[in-house]
Amino acid sequence: MSKGRLEAFTDAVIAIILTILVLELNPPHSGSLASLWALRGRFGIYLVSFLTLIVYWNNHHHLFQLVNRIDWRVMWANSFFMLAISMFPFATSWVGEGHVDAFGPELIYGFVVFMSNVSYLLLVVTLRHVNGPTSALVKLYGHQHDWKAVGSIAMAFVAMILALLWPPLTIILDLLMLLLWAIPDQRVERHLLRGPKE
């Protein structure tokens, strides 16, 4: 199967999710700057979600630069990843409502991040299996890529639980977790510049 259609479809889904995110930002009901300041929570969580989705997209793009083959398992794993990230607009909107002393919105937001990380790792593992031990994906990443993914899953789980103590901690920890993934693996770009050696 061609990976091109899968990549194009994933790009389109992420673009739609980003569009829905910004459409959830309703303007203030008055023309005062104070009314705009009152929406700072909505803008803040929008920015966190936007950056999170961009980081996922960036790493997904880099990952697929090393992929030669996909099959139905990859398509389902990628679909599970898209299902997880498609929940960002809902979770973002609920957190943006600013419910005081309620941990539910942040708990659900943390769960969406957790499931996105789990599904991304599942996608990586599936791609490695489908492309085989001699593929560029395995040669370049091996299992070293997993520590970041497993660490991110653990951090997302802890962040989700922290919502029970102080809800903003969930968002803060999820934002810090992005630092692990903000710059995609530079070995991919170096590999592509050298050209495949398979």
# chains A, B, ... in the order shown; residues from 1 in each chain; ligands from 1

$ residues_around --residues "Leu140 in chain A" --least-positions-apart "2" --cutoff "8 Å" --atoms "only C-alpha atoms" --output "NGL selection string"
:A and (136-138 or 142 or 187-188)

$ write_last_selection --atoms "all heavy atoms" --output "compact mmCIF listing (two decimals), in the first residue's frame"
# COMPACT_ATOMS: atom_id res chain seq x y z
N ALA A 136 15.03 1.28 7.55
CA ALA A 136 15.67 2.49 8.07
C ALA A 136 15.05 2.89 9.40
O ALA A 136 15.74 3.40 10.29
CB ALA A 136 15.52 3.63 7.06
N LEU A 137 13.77 2.63 9.55
CA LEU A 137 13.07 2.97 10.80
C LEU A 137 13.70 2.25 11.99
O LEU A 137 13.97 2.87 13.02
CB LEU A 137 11.59 2.60 10.67
CG LEU A 137 10.69 2.88 11.87
CD1 LEU A 137 10.63 4.37 12.15
CD2 LEU A 137 9.29 2.33 11.62
N VAL A 138 13.95 0.96 11.84
CA VAL A 138 14.53 0.18 12.93
C VAL A 138 16.01 0.49 13.09
O VAL A 138 16.52 0.63 14.21
CB VAL A 138 14.32 -1.33 12.69
CG1 VAL A 138 15.07 -2.15 13.73
CG2 VAL A 138 12.83 -1.67 12.71
N GLY A 142 15.72 1.99 16.26
CA GLY A 142 15.79 0.80 17.10
C GLY A 142 14.67 0.88 18.12
O GLY A 142 13.53 1.19 17.78
N ARG A 187 18.30 12.86 13.63
CA ARG A 187 18.90 11.76 12.88
C ARG A 187 18.11 11.47 11.61
O ARG A 187 18.68 11.02 10.61
CB ARG A 187 18.97 10.51 13.75
CG ARG A 187 19.98 10.61 14.88
CD ARG A 187 19.93 9.39 15.77
NE ARG A 187 18.62 9.25 16.40
CZ ARG A 187 18.27 8.21 17.15
NH1 ARG A 187 19.13 7.21 17.33
NH2 ARG A 187 17.08 8.15 17.71
N VAL A 188 16.81 11.74 11.66
CA VAL A 188 15.98 11.50 10.47
C VAL A 188 16.43 12.41 9.34
O VAL A 188 16.62 11.97 8.20
CB VAL A 188 14.48 11.72 10.79
CG1 VAL A 188 13.64 11.56 9.52
CG2 VAL A 188 14.02 10.77 11.87

$ residues_around --residues "Asn58 in chain A" --least-positions-apart "2" --cutoff "9 Å" --atoms "only C-alpha atoms" --output "NGL selection string"
:A and (53-56 or 60-63 or 181-184)

$ write_last_selection --atoms "N, CA, C and O atoms" --output "short mmCIF file (atom, residue, chain, number, x, y, z; two decimals), in the first residue's frame"
data_model
loop_
_atom_site.label_atom_id
_atom_site.label_comp_id
_atom_site.auth_asym_id
_atom_site.auth_seq_id
_atom_site.Cartn_x
_atom_site.Cartn_y
_atom_site.Cartn_z
N LEU A 53 -0.76 19.75 19.12
CA LEU A 53 -1.10 19.14 17.84
C LEU A 53 0.00 19.35 16.80
O LEU A 53 0.29 18.45 16.00
N ILE A 54 0.62 20.53 16.81
CA ILE A 54 1.71 20.80 15.87
C ILE A 54 2.90 19.88 16.16
O ILE A 54 3.54 19.36 15.24
N VAL A 55 3.18 19.66 17.44
CA VAL A 55 4.29 18.77 17.81
C VAL A 55 3.98 17.34 17.37
O VAL A 55 4.85 16.64 16.83
N TYR A 56 2.74 16.89 17.58
CA TYR A 56 2.35 15.56 17.10
C TYR A 56 2.52 15.46 15.57
O TYR A 56 3.05 14.48 15.05
N HIS A 60 5.00 13.00 13.59
CA HIS A 60 4.36 12.03 12.68
C HIS A 60 4.98 12.15 11.29
O HIS A 60 5.29 11.14 10.65
N HIS A 61 5.19 13.37 10.84
CA HIS A 61 5.81 13.61 9.53
C HIS A 61 7.21 13.02 9.49
O HIS A 61 7.58 12.34 8.53
N HIS A 62 8.02 13.29 10.52
CA HIS A 62 9.38 12.76 10.56
C HIS A 62 9.38 11.24 10.61
O HIS A 62 10.19 10.60 9.95
N LEU A 63 8.47 10.68 11.38
CA LEU A 63 8.37 9.23 11.49
C LEU A 63 8.14 8.58 10.12
O LEU A 63 8.81 7.61 9.75
N TRP A 181 9.47 16.55 22.80
CA TRP A 181 9.15 16.26 21.40
C TRP A 181 9.21 17.50 20.51
O TRP A 181 9.00 17.38 19.30
N ALA A 182 9.48 18.66 21.09
CA ALA A 182 9.39 19.91 20.32
C ALA A 182 10.31 19.90 19.10
O ALA A 182 9.95 20.39 18.03
N ILE A 183 11.50 19.33 19.27
CA ILE A 183 12.43 19.21 18.13
C ILE A 183 12.47 17.75 17.72
O ILE A 183 12.95 16.90 18.48
N PRO A 184 11.94 17.41 16.55
CA PRO A 184 11.96 16.02 16.11
C PRO A 184 13.39 15.49 15.99
O PRO A 184 14.35 16.26 15.90
#

$ closest_residue --among "A:Phe88, A:Phe157, A:Trp72, A:Phe64" --to "Ile16 in chain A" --atoms "only C-alpha atoms"
A:Phe88

$ residues_around --residues "Ile171 in chain A" --least-positions-apart "6" --cutoff "9 Å" --atoms "only C-alpha atoms" --output "PyMOL selection string"
chain A and resi 45+48+106+109-110+159-160+163

$ write_last_selection --atoms "N, CA and C atoms" --output "PDB file, in the first residue's frame"
ATOM      1  N   ILE A  45      -5.400  27.857  26.884  1.00  0.00           N
ATOM      2  CA  ILE A  45      -5.559  26.428  26.600  1.00  0.00           C
ATOM      3  C   ILE A  45      -5.604  26.181  25.092  1.00  0.00           C
ATOM      4  N   VAL A  48      -1.955  25.978  24.132  1.00  0.00           N
ATOM      5  CA  VAL A  48      -1.384  24.694  24.553  1.00  0.00           C
ATOM      6  C   VAL A  48      -1.801  23.583  23.587  1.00  0.00           C
ATOM      7  N   GLU A 106      -9.895  19.227  33.329  1.00  0.00           N
ATOM      8  CA  GLU A 106      -8.459  18.953  33.226  1.00  0.00           C
ATOM      9  C   GLU A 106      -8.181  17.450  33.230  1.00  0.00           C
ATOM     10  N   TYR A 109      -8.885  16.372  29.763  1.00  0.00           N
ATOM     11  CA  TYR A 109      -7.818  16.870  28.888  1.00  0.00           C
ATOM     12  C   TYR A 109      -6.576  15.986  29.038  1.00  0.00           C
ATOM     13  N   GLY A 110      -6.230  15.671  30.291  1.00  0.00           N
ATOM     14  CA  GLY A 110      -5.086  14.806  30.540  1.00  0.00           C
ATOM     15  C   GLY A 110      -5.279  13.421  29.942  1.00  0.00           C
ATOM     16  N   ALA A 159       0.087  13.458  35.117  1.00  0.00           N
ATOM     17  CA  ALA A 159      -0.586  14.755  34.936  1.00  0.00           C
ATOM     18  C   ALA A 159      -2.092  14.620  35.095  1.00  0.00           C
ATOM     19  N   MET A 160      -2.630  13.522  34.600  1.00  0.00           N
ATOM     20  CA  MET A 160      -4.064  13.275  34.702  1.00  0.00           C
ATOM     21  C   MET A 160      -4.472  13.135  36.175  1.00  0.00           C
ATOM     22  N   ALA A 163      -4.731  16.305  38.377  1.00  0.00           N
ATOM     23  CA  ALA A 163      -5.950  17.121  38.273  1.00  0.00           C
ATOM     24  C   ALA A 163      -6.782  17.018  39.539  1.00  0.00           C
TER      25      ALA A 163
END

$ atom_distance --atom1 "CA of Ile153 in chain A" --atom2 "CA of Ile108 in chain A"
14.9 Å

$ residues_around --residues "Asn117 in chain A" --least-positions-apart "4" --cutoff "9 Å" --atoms "only C-alpha atoms" --output "number ranges by chain"
A: 81, 84, 112-113, 121-122, 149-150, 152-153, 156

$ atom_distance --atom1 "CA of Leu127 in chain A" --atom2 "CA of Trp147 in chain A"
16.7 Å

$ closest_residue --among "A:Leu192, A:Glu7, A:Pro167, A:Tyr46" --to "Leu23 in chain A" --atoms "only C-alpha atoms"
A:Tyr46
